[in-house]
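Next comes final-v1.csv, with CSV, N, CA and C atoms.
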chain,number,residue,atom,x,y,z
A,1,MET,N,-10.1,-1.1,23.7
A,1,MET,CA,-9.5,-1.5,22.5
A,1,MET,C,-9.5,-3.0,22.4
A,2,SER,N,-9.8,-3.5,21.2
A,2,SER,CA,-10.0,-5.0,21.0
A,2,SER,C,-8.7,-5.7,20.9
A,3,GLN,N,-7.6,-5.0,20.6
A,3,GLN,CA,-6.3,-5.7,20.4
A,3,GLN,C,-5.2,-4.9,21.0
A,4,SER,N,-4.1,-5.5,21.3
A,4,SER,CA,-3.0,-4.8,22.0
A,4,SER,C,-2.3,-3.9,20.9
A,5,PHE,N,-1.6,-3.0,21.4
A,5,PHE,CA,-0.8,-2.1,20.5
A,5,PHE,C,0.2,-2.9,19.7
A,6,GLU,N,0.8,-3.9,20.3
A,6,GLU,CA,1.8,-4.7,19.7
A,6,GLU,C,1.2,-5.5,18.5
A,7,ALA,N,0.0,-6.0,18.7
A,7,ALA,CA,-0.7,-6.8,17.6
A,7,ALA,C,-1.0,-5.8,16.5
A,8,LEU,N,-1.5,-4.6,16.9
A,8,LEU,CA,-1.8,-3.6,15.8
A,8,LEU,C,-0.6,-3.2,15.1
A,9,GLU,N,0.5,-3.0,15.8
A,9,GLU,CA,1.8,-2.7,15.1
A,9,GLU,C,2.2,-3.8,14.1
A,10,ALA,N,2.1,-5.0,14.5
A,10,ALA,CA,2.4,-6.2,13.6
A,10,ALA,C,1.5,-6.2,12.4
A,11,GLN,N,0.3,-5.9,12.6
A,11,GLN,CA,-0.7,-5.9,11.5
A,11,GLN,C,-0.3,-4.7,10.6
A,12,TYR,N,0.0,-3.6,11.1
A,12,TYR,CA,0.4,-2.4,10.3
A,12,TYR,C,1.7,-2.7,9.5
A,13,LYS,N,2.7,-3.3,10.1
A,13,LYS,CA,3.9,-3.6,9.4
A,13,LYS,C,3.6,-4.7,8.3
A,14,ALA,N,2.8,-5.6,8.5
A,14,ALA,CA,2.5,-6.6,7.5
A,14,ALA,C,1.7,-6.0,6.3
A,15,ALA,N,0.8,-5.1,6.6
A,15,ALA,CA,0.1,-4.4,5.5
A,15,ALA,C,1.0,-3.5,4.7
A,16,LEU,N,1.9,-2.8,5.4
A,16,LEU,CA,2.9,-1.9,4.8
A,16,LEU,C,3.8,-2.8,3.9
A,17,ASN,N,4.3,-3.9,4.4
A,17,ASN,CA,5.1,-4.8,3.6
A,17,ASN,C,4.4,-5.3,2.3
A,18,ARG,N,3.1,-5.6,2.5
A,18,ARG,CA,2.3,-6.1,1.3
A,18,ARG,C,2.2,-5.0,0.3
A,19,VAL,N,2.0,-3.7,0.7
A,19,VAL,CA,1.9,-2.6,-0.2
A,19,VAL,C,3.3,-2.4,-0.9
A,20,SER,N,4.3,-2.4,-0.2
A,20,SER,CA,5.7,-2.2,-0.8
A,20,SER,C,6.0,-3.3,-1.8
A,21,LYS,N,5.7,-4.6,-1.4
A,21,LYS,CA,6.0,-5.7,-2.4
A,21,LYS,C,5.1,-5.6,-3.6
A,22,ALA,N,3.8,-5.3,-3.5
A,22,ALA,CA,2.9,-5.2,-4.6
A,22,ALA,C,3.3,-4.1,-5.6
A,23,HIS,N,3.7,-2.9,-5.0
A,23,HIS,CA,4.1,-1.8,-5.9
A,23,HIS,C,5.5,-2.1,-6.5
A,24,ALA,N,6.4,-2.8,-5.8
A,24,ALA,CA,7.7,-3.2,-6.5
A,24,ALA,C,7.4,-4.1,-7.6
A,25,GLU,N,6.5,-5.1,-7.4
A,25,GLU,CA,6.2,-6.1,-8.5
A,25,GLU,C,5.5,-5.4,-9.6
A,26,LEU,N,4.7,-4.4,-9.3
A,26,LEU,CA,4.0,-3.7,-10.4
A,26,LEU,C,5.0,-2.9,-11.2
A,27,GLN,N,5.9,-2.2,-10.6
A,27,GLN,CA,7.0,-1.5,-11.3
A,27,GLN,C,7.8,-2.4,-12.1
A,28,GLN,N,8.2,-3.6,-11.6
A,28,GLN,CA,9.0,-4.5,-12.3
A,28,GLN,C,8.2,-5.0,-13.6
A,29,ILE,N,6.9,-5.3,-13.5
A,29,ILE,CA,6.1,-5.8,-14.6
A,29,ILE,C,5.9,-4.7,-15.6
A,30,MET,N,5.5,-3.5,-15.1
A,30,MET,CA,5.2,-2.4,-16.1
A,30,MET,C,6.4,-1.8,-16.7
A,31,GLY,N,7.5,-1.7,-16.0
A,31,GLY,CA,8.7,-1.1,-16.5
A,31,GLY,C,8.5,0.4,-16.5
A,32,ASP,N,9.4,1.1,-17.3
A,32,ASP,CA,9.3,2.5,-17.5
A,32,ASP,C,8.1,2.8,-18.4
A,33,PRO,N,7.5,4.0,-18.2
A,33,PRO,CA,6.4,4.3,-19.1
A,33,PRO,C,6.9,4.6,-20.5
A,34,LYS,N,6.1,4.1,-21.5
A,34,LYS,CA,6.4,4.2,-22.9
A,34,LYS,C,5.5,5.2,-23.5
A,35,PRO,N,5.9,6.1,-24.3
A,35,PRO,CA,5.0,7.1,-25.0
A,35,PRO,C,4.1,6.4,-26.0
A,36,LEU,N,2.9,6.8,-26.1
A,36,LEU,CA,2.0,6.2,-27.0
A,36,LEU,C,1.9,7.1,-28.3
A,37,GLY,N,1.6,6.5,-29.4
A,37,GLY,CA,1.5,7.3,-30.6
A,37,GLY,C,0.1,8.0,-30.6
A,38,ALA,N,0.0,9.0,-31.5
A,38,ALA,CA,-1.3,9.8,-31.5
A,38,ALA,C,-2.5,8.8,-31.8
A,39,GLY,N,-3.5,8.9,-30.9
A,39,GLY,CA,-4.7,8.1,-31.1
A,39,GLY,C,-4.5,6.6,-30.7
A,40,GLU,N,-3.3,6.2,-30.2
A,40,GLU,CA,-3.1,4.9,-29.9
A,40,GLU,C,-3.5,4.6,-28.4
A,41,PRO,N,-4.5,3.6,-28.2
A,41,PRO,CA,-4.9,3.4,-26.9
A,41,PRO,C,-3.9,2.6,-26.0
A,42,PRO,N,-3.9,2.8,-24.7
A,42,PRO,CA,-3.0,2.0,-23.9
A,42,PRO,C,-3.5,0.5,-23.9
A,43,VAL,N,-2.6,-0.4,-23.9
A,43,VAL,CA,-3.0,-1.8,-23.9
A,43,VAL,C,-2.3,-2.4,-22.7
A,44,LEU,N,-3.1,-3.1,-21.9
A,44,LEU,CA,-2.6,-3.8,-20.7
A,44,LEU,C,-2.8,-5.3,-20.9
A,45,THR,N,-1.7,-6.1,-20.5
A,45,THR,CA,-1.9,-7.5,-20.5
A,45,THR,C,-2.6,-7.9,-19.2
A,46,LYS,N,-3.0,-9.2,-19.2
A,46,LYS,CA,-3.6,-9.7,-18.0
A,46,LYS,C,-2.7,-9.7,-16.8
A,47,VAL,N,-1.4,-9.9,-17.0
A,47,VAL,CA,-0.4,-9.9,-15.9
A,47,VAL,C,-0.3,-8.5,-15.4
A,48,GLU,N,-0.3,-7.5,-16.2
A,48,GLU,CA,-0.3,-6.1,-15.8
A,48,GLU,C,-1.5,-5.7,-15.1
A,49,ARG,N,-2.7,-6.1,-15.5
A,49,ARG,CA,-3.9,-5.8,-14.8
A,49,ARG,C,-4.0,-6.4,-13.5
A,50,ASP,N,-3.5,-7.7,-13.4
A,50,ASP,CA,-3.5,-8.4,-12.1
A,50,ASP,C,-2.6,-7.7,-11.1
A,51,ALA,N,-1.4,-7.3,-11.6
A,51,ALA,CA,-0.5,-6.6,-10.7
A,51,ALA,C,-1.0,-5.2,-10.3
A,52,GLN,N,-1.7,-4.5,-11.1
A,52,GLN,CA,-2.4,-3.3,-10.7
A,52,GLN,C,-3.5,-3.5,-9.7
A,53,SER,N,-4.3,-4.6,-9.9
A,53,SER,CA,-5.3,-4.9,-9.0
A,53,SER,C,-4.8,-5.2,-7.6
A,54,GLU,N,-3.7,-6.0,-7.6
A,54,GLU,CA,-3.1,-6.4,-6.3
A,54,GLU,C,-2.6,-5.2,-5.6
A,55,ALA,N,-1.9,-4.3,-6.3
A,55,ALA,CA,-1.4,-3.0,-5.7
A,55,ALA,C,-2.5,-2.2,-5.2
A,56,HIS,N,-3.6,-2.1,-5.9
A,56,HIS,CA,-4.7,-1.3,-5.4
A,56,HIS,C,-5.4,-1.9,-4.2
A,57,GLN,N,-5.6,-3.2,-4.2
A,57,GLN,CA,-6.2,-3.9,-3.1
A,57,GLN,C,-5.3,-3.8,-1.8
A,58,ALA,N,-4.0,-4.0,-2.0
A,58,ALA,CA,-3.1,-3.9,-0.9
A,58,ALA,C,-3.1,-2.5,-0.3
A,59,TYR,N,-3.2,-1.5,-1.1
A,59,TYR,CA,-3.3,-0.1,-0.6
A,59,TYR,C,-4.6,0.2,0.1
A,60,ALA,N,-5.7,-0.3,-0.5
A,60,ALA,CA,-7.0,-0.1,0.1
A,60,ALA,C,-7.1,-0.8,1.5
A,61,THR,N,-6.4,-1.9,1.6
A,61,THR,CA,-6.4,-2.6,2.9
A,61,THR,C,-5.5,-1.9,3.9
A,62,TYR,N,-4.4,-1.3,3.4
A,62,TYR,CA,-3.5,-0.7,4.3
A,62,TYR,C,-4.0,0.6,4.9
A,63,ILE,N,-4.8,1.4,4.2
A,63,ILE,CA,-5.2,2.7,4.7
A,63,ILE,C,-5.9,2.7,6.0
A,64,PRO,N,-7.0,1.9,6.3
A,64,PRO,CA,-7.6,1.9,7.6
A,64,PRO,C,-6.7,1.4,8.7
A,65,ILE,N,-5.8,0.5,8.4
A,65,ILE,CA,-4.9,-0.1,9.4
A,65,ILE,C,-3.9,1.0,9.8
A,66,ARG,N,-3.4,1.8,8.7
A,66,ARG,CA,-2.5,2.9,9.0
A,66,ARG,C,-3.1,3.9,9.8
A,67,ASP,N,-4.3,4.3,9.5
A,67,ASP,CA,-5.0,5.4,10.3
A,67,ASP,C,-5.2,5.0,11.7
A,68,LEU,N,-5.6,3.7,12.0
A,68,LEU,CA,-5.8,3.2,13.3
A,68,LEU,C,-4.5,3.2,14.1
A,69,TYR,N,-3.5,2.7,13.4
A,69,TYR,CA,-2.1,2.5,14.0
A,69,TYR,C,-1.6,3.9,14.5
A,70,TRP,N,-1.7,4.9,13.6
A,70,TRP,CA,-1.1,6.2,14.0
A,70,TRP,C,-2.0,6.9,15.0
A,71,ALA,N,-3.3,6.8,14.9
A,71,ALA,CA,-4.1,7.4,15.9
A,71,ALA,C,-3.9,6.7,17.3
A,72,THR,N,-3.6,5.4,17.3
A,72,THR,CA,-3.3,4.7,18.6
A,72,THR,C,-2.0,5.1,19.1
A,73,ARG,N,-1.0,5.2,18.2
A,73,ARG,CA,0.4,5.6,18.6
A,73,ARG,C,0.4,7.0,19.1
A,74,TRP,N,-0.3,7.9,18.4
A,74,TRP,CA,-0.3,9.3,18.9
A,74,TRP,C,-1.0,9.4,20.2
A,75,GLY,N,-2.0,8.6,20.4
A,75,GLY,CA,-2.7,8.6,21.7
A,75,GLY,C,-1.8,8.2,22.9
A,76,ARG,N,-0.8,7.3,22.5
A,76,ARG,CA,0.1,6.8,23.6
A,76,ARG,C,1.3,7.7,23.8
A,77,GLU,N,1.8,8.3,22.7
A,77,GLU,CA,3.0,9.1,22.7
A,77,GLU,C,2.9,10.6,22.6
A,78,GLY,N,1.7,11.0,22.4
A,78,GLY,CA,1.5,12.5,22.1
A,78,GLY,C,1.3,12.6,20.6
A,79,ASN,N,0.7,13.8,20.2
A,79,ASN,CA,0.3,14.0,18.8
A,79,ASN,C,1.0,15.2,18.3
A,80,PRO,N,2.0,15.2,17.4
A,80,PRO,CA,2.6,14.0,16.9
A,80,PRO,C,3.6,13.4,17.9
A,81,PRO,N,4.0,12.1,17.7
A,81,PRO,CA,4.9,11.5,18.7
A,81,PRO,C,6.2,12.4,19.0
A,82,LYS,N,6.6,12.4,20.2
A,82,LYS,CA,7.8,13.1,20.6
A,82,LYS,C,9.0,12.2,20.4
A,83,SER,N,10.1,12.7,19.9
A,83,SER,CA,11.3,11.8,19.6
A,83,SER,C,11.9,11.3,20.8
Just give me the structure as structure tokens.
Amino acid sequence: MSQSFEALEAQYKAALNRVSKAHAELQQIMGDPKPLGAGEPPVLTKVERDAQSEAHQAYATYIPIRDLYWATRWGREGNPPKS
């Protein structure tokens, strides 16, 4: 393995925090969903699109780190980890 488990765990936590922050900011910007009228297209502002992009990028970065972290942790503690 190219990195220690502790370094991998720190990387995993940082990625998870980025996803949590991005999705919280997206929810704050977008607010509650509003119903559209018949035939009315959804309109997104640049701020809303940027928030969506950051949330998607954060999640896409998080997935491979999450998979490696849990595979490594399960390899160390059993699959699934024992309490």
Show me the residues around (-1.9, -4.2, -5.1) - criterion: an atom at most 10 Å away, only C-alpha atoms counted - as a PyMOL selection string.
chain A and resi 18-26+50-61
For the structure I just gave you, how does DSSP split stretch 7-77 of chain A - specifically, which residues are alpha helix (DSSP H)? Reply as an mmCIF file with N, CA and C atoms, in the frame of the given file.
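Saved as selection39.cif:
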data_model
loop_
_atom_site.group_PDB
_atom_site.id
_atom_site.type_symbol
_atom_site.label_atom_id
_atom_site.label_comp_id
_atom_site.auth_asym_id
_atom_site.auth_seq_id
_atom_site.Cartn_x
_atom_site.Cartn_y
_atom_site.Cartn_z
ATOM 1 N N ALA A 7 0.000 -6.000 18.700
ATOM 2 C CA ALA A 7 -0.700 -6.800 17.600
ATOM 3 C C ALA A 7 -1.000 -5.800 16.500
ATOM 4 N N LEU A 8 -1.500 -4.600 16.900
ATOM 5 C CA LEU A 8 -1.800 -3.600 15.800
ATOM 6 C C LEU A 8 -0.600 -3.200 15.100
ATOM 7 N N GLU A 9 0.500 -3.000 15.800
ATOM 8 C CA GLU A 9 1.800 -2.700 15.100
ATOM 9 C C GLU A 9 2.200 -3.800 14.100
ATOM 10 N N ALA A 10 2.100 -5.000 14.500
ATOM 11 C CA ALA A 10 2.400 -6.200 13.600
ATOM 12 C C ALA A 10 1.500 -6.200 12.400
ATOM 13 N N GLN A 11 0.300 -5.900 12.600
ATOM 14 C CA GLN A 11 -0.700 -5.900 11.500
ATOM 15 C C GLN A 11 -0.300 -4.700 10.600
ATOM 16 N N TYR A 12 0.000 -3.600 11.100
ATOM 17 C CA TYR A 12 0.400 -2.400 10.300
ATOM 18 C C TYR A 12 1.700 -2.700 9.500
ATOM 19 N N LYS A 13 2.700 -3.300 10.100
ATOM 20 C CA LYS A 13 3.900 -3.600 9.400
ATOM 21 C C LYS A 13 3.600 -4.700 8.300
ATOM 22 N N ALA A 14 2.800 -5.600 8.500
ATOM 23 C CA ALA A 14 2.500 -6.600 7.500
ATOM 24 C C ALA A 14 1.700 -6.000 6.300
ATOM 25 N N ALA A 15 0.800 -5.100 6.600
ATOM 26 C CA ALA A 15 0.100 -4.400 5.500
ATOM 27 C C ALA A 15 1.000 -3.500 4.700
ATOM 28 N N LEU A 16 1.900 -2.800 5.400
ATOM 29 C CA LEU A 16 2.900 -1.900 4.800
ATOM 30 C C LEU A 16 3.800 -2.800 3.900
ATOM 31 N N ASN A 17 4.300 -3.900 4.400
ATOM 32 C CA ASN A 17 5.100 -4.800 3.600
ATOM 33 C C ASN A 17 4.400 -5.300 2.300
ATOM 34 N N ARG A 18 3.100 -5.600 2.500
ATOM 35 C CA ARG A 18 2.300 -6.100 1.300
ATOM 36 C C ARG A 18 2.200 -5.000 0.300
ATOM 37 N N VAL A 19 2.000 -3.700 0.700
ATOM 38 C CA VAL A 19 1.900 -2.600 -0.200
ATOM 39 C C VAL A 19 3.300 -2.400 -0.900
ATOM 40 N N SER A 20 4.300 -2.400 -0.200
ATOM 41 C CA SER A 20 5.700 -2.200 -0.800
ATOM 42 C C SER A 20 6.000 -3.300 -1.800
ATOM 43 N N LYS A 21 5.700 -4.600 -1.400
ATOM 44 C CA LYS A 21 6.000 -5.700 -2.400
ATOM 45 C C LYS A 21 5.100 -5.600 -3.600
ATOM 46 N N ALA A 22 3.800 -5.300 -3.500
ATOM 47 C CA ALA A 22 2.900 -5.200 -4.600
ATOM 48 C C ALA A 22 3.300 -4.100 -5.600
ATOM 49 N N HIS A 23 3.700 -2.900 -5.000
ATOM 50 C CA HIS A 23 4.100 -1.800 -5.900
ATOM 51 C C HIS A 23 5.500 -2.100 -6.500
ATOM 52 N N ALA A 24 6.400 -2.800 -5.800
ATOM 53 C CA ALA A 24 7.700 -3.200 -6.500
ATOM 54 C C ALA A 24 7.400 -4.100 -7.600
ATOM 55 N N GLU A 25 6.500 -5.100 -7.400
ATOM 56 C CA GLU A 25 6.200 -6.100 -8.500
ATOM 57 C C GLU A 25 5.500 -5.400 -9.600
ATOM 58 N N LEU A 26 4.700 -4.400 -9.300
ATOM 59 C CA LEU A 26 4.000 -3.700 -10.400
ATOM 60 C C LEU A 26 5.000 -2.900 -11.200
ATOM 61 N N GLN A 27 5.900 -2.200 -10.600
ATOM 62 C CA GLN A 27 7.000 -1.500 -11.300
ATOM 63 C C GLN A 27 7.800 -2.400 -12.100
ATOM 64 N N GLN A 28 8.200 -3.600 -11.600
ATOM 65 C CA GLN A 28 9.000 -4.500 -12.300
ATOM 66 C C GLN A 28 8.200 -5.000 -13.600
ATOM 67 N N ILE A 29 6.900 -5.300 -13.500
ATOM 68 C CA ILE A 29 6.100 -5.800 -14.600
ATOM 69 C C ILE A 29 5.900 -4.700 -15.600
ATOM 70 N N MET A 30 5.500 -3.500 -15.100
ATOM 71 C CA MET A 30 5.200 -2.400 -16.100
ATOM 72 C C MET A 30 6.400 -1.800 -16.700
ATOM 73 N N LYS A 46 -3.000 -9.200 -19.200
ATOM 74 C CA LYS A 46 -3.600 -9.700 -18.000
ATOM 75 C C LYS A 46 -2.700 -9.700 -16.800
ATOM 76 N N VAL A 47 -1.400 -9.900 -17.000
ATOM 77 C CA VAL A 47 -0.400 -9.900 -15.900
ATOM 78 C C VAL A 47 -0.300 -8.500 -15.400
ATOM 79 N N GLU A 48 -0.300 -7.500 -16.200
ATOM 80 C CA GLU A 48 -0.300 -6.100 -15.800
ATOM 81 C C GLU A 48 -1.500 -5.700 -15.100
ATOM 82 N N ARG A 49 -2.700 -6.100 -15.500
ATOM 83 C CA ARG A 49 -3.900 -5.800 -14.800
ATOM 84 C C ARG A 49 -4.000 -6.400 -13.500
ATOM 85 N N ASP A 50 -3.500 -7.700 -13.400
ATOM 86 C CA ASP A 50 -3.500 -8.400 -12.100
ATOM 87 C C ASP A 50 -2.600 -7.700 -11.100
ATOM 88 N N ALA A 51 -1.400 -7.300 -11.600
ATOM 89 C CA ALA A 51 -0.500 -6.600 -10.700
ATOM 90 C C ALA A 51 -1.000 -5.200 -10.300
ATOM 91 N N GLN A 52 -1.700 -4.500 -11.100
ATOM 92 C CA GLN A 52 -2.400 -3.300 -10.700
ATOM 93 C C GLN A 52 -3.500 -3.500 -9.700
ATOM 94 N N SER A 53 -4.300 -4.600 -9.900
ATOM 95 C CA SER A 53 -5.300 -4.900 -9.000
ATOM 96 C C SER A 53 -4.800 -5.200 -7.600
ATOM 97 N N GLU A 54 -3.700 -6.000 -7.600
ATOM 98 C CA GLU A 54 -3.100 -6.400 -6.300
ATOM 99 C C GLU A 54 -2.600 -5.200 -5.600
ATOM 100 N N ALA A 55 -1.900 -4.300 -6.300
ATOM 101 C CA ALA A 55 -1.400 -3.000 -5.700
ATOM 102 C C ALA A 55 -2.500 -2.200 -5.200
ATOM 103 N N HIS A 56 -3.600 -2.100 -5.900
ATOM 104 C CA HIS A 56 -4.700 -1.300 -5.400
ATOM 105 C C HIS A 56 -5.400 -1.900 -4.200
ATOM 106 N N GLN A 57 -5.600 -3.200 -4.200
ATOM 107 C CA GLN A 57 -6.200 -3.900 -3.100
ATOM 108 C C GLN A 57 -5.300 -3.800 -1.800
ATOM 109 N N ALA A 58 -4.000 -4.000 -2.000
ATOM 110 C CA ALA A 58 -3.100 -3.900 -0.900
ATOM 111 C C ALA A 58 -3.100 -2.500 -0.300
ATOM 112 N N TYR A 59 -3.200 -1.500 -1.100
ATOM 113 C CA TYR A 59 -3.300 -0.100 -0.600
ATOM 114 C C TYR A 59 -4.600 0.200 0.100
ATOM 115 N N ALA A 60 -5.700 -0.300 -0.500
ATOM 116 C CA ALA A 60 -7.000 -0.100 0.100
ATOM 117 C C ALA A 60 -7.100 -0.800 1.500
ATOM 118 N N THR A 61 -6.400 -1.900 1.600
ATOM 119 C CA THR A 61 -6.400 -2.600 2.900
ATOM 120 C C THR A 61 -5.500 -1.900 3.900
ATOM 121 N N TYR A 62 -4.400 -1.300 3.400
ATOM 122 C CA TYR A 62 -3.500 -0.700 4.300
ATOM 123 C C TYR A 62 -4.000 0.600 4.900
ATOM 124 N N ILE A 63 -4.800 1.400 4.200
ATOM 125 C CA ILE A 63 -5.200 2.700 4.700
ATOM 126 C C ILE A 63 -5.900 2.700 6.000
ATOM 127 N N PRO A 64 -7.000 1.900 6.300
ATOM 128 C CA PRO A 64 -7.600 1.900 7.600
ATOM 129 C C PRO A 64 -6.700 1.400 8.700
ATOM 130 N N ILE A 65 -5.800 0.500 8.400
ATOM 131 C CA ILE A 65 -4.900 -0.100 9.400
ATOM 132 C C ILE A 65 -3.900 1.000 9.800
ATOM 133 N N ARG A 66 -3.400 1.800 8.700
ATOM 134 C CA ARG A 66 -2.500 2.900 9.000
ATOM 135 C C ARG A 66 -3.100 3.900 9.800
ATOM 136 N N ASP A 67 -4.300 4.300 9.500
ATOM 137 C CA ASP A 67 -5.000 5.400 10.300
ATOM 138 C C ASP A 67 -5.200 5.000 11.700
ATOM 139 N N LEU A 68 -5.600 3.700 12.000
ATOM 140 C CA LEU A 68 -5.800 3.200 13.300
ATOM 141 C C LEU A 68 -4.500 3.200 14.100
ATOM 142 N N TYR A 69 -3.500 2.700 13.400
ATOM 143 C CA TYR A 69 -2.100 2.500 14.000
ATOM 144 C C TYR A 69 -1.600 3.900 14.500
ATOM 145 N N TRP A 70 -1.700 4.900 13.600
ATOM 146 C CA TRP A 70 -1.100 6.200 14.000
ATOM 147 C C TRP A 70 -2.000 6.900 15.000
ATOM 148 N N ALA A 71 -3.300 6.800 14.900
ATOM 149 C CA ALA A 71 -4.100 7.400 15.900
ATOM 150 C C ALA A 71 -3.900 6.700 17.300
ATOM 151 N N THR A 72 -3.600 5.400 17.300
ATOM 152 C CA THR A 72 -3.300 4.700 18.600
ATOM 153 C C THR A 72 -2.000 5.100 19.100
ATOM 154 N N ARG A 73 -1.000 5.200 18.200
ATOM 155 C CA ARG A 73 0.400 5.600 18.600
ATOM 156 C C ARG A 73 0.400 7.000 19.100
ATOM 157 N N TRP A 74 -0.300 7.900 18.400
ATOM 158 C CA TRP A 74 -0.300 9.300 18.900
ATOM 159 C C TRP A 74 -1.000 9.400 20.200
ATOM 160 N N GLY A 75 -2.000 8.600 20.400
ATOM 161 C CA GLY A 75 -2.700 8.600 21.700
ATOM 162 C C GLY A 75 -1.800 8.200 22.900
ATOM 163 N N ARG A 76 -0.800 7.300 22.500
ATOM 164 C CA ARG A 76 0.100 6.800 23.600
ATOM 165 C C ARG A 76 1.300 7.700 23.800
ATOM 166 N N GLU A 77 1.800 8.300 22.700
ATOM 167 C CA GLU A 77 3.000 9.100 22.700
ATOM 168 C C GLU A 77 2.900 10.600 22.600
#
Write out as a ChimeraX atom specification the residues lying within 8 Å of A:Tyr12, counting all atoms listed in the file and excluding same-chain residues fewer than 4 positions away.
/A:6-8,16-18,62,65-66,69
To one decimal place, how far is atom CA of A:Arg49 from atom CA of A:Gln27 in Å?
12.2 Å
Just checking: using only N, CA and C atoms, which residue out of A:Thr72, A:Ala10, A:Glu48, A:Pro42 ends up closest to A:Ile29?
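Ranked by minimum distance to A:Ile29, first place goes to A:Glu48.
The interatomic distance for the pair atom CA of A:Arg76 and atom CA of A:Pro64 works out to 18.4 Å.
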In Å to one decimal, how far is atom C of A:Lys13 from atom CA of A:Leu44?
29.7 Å
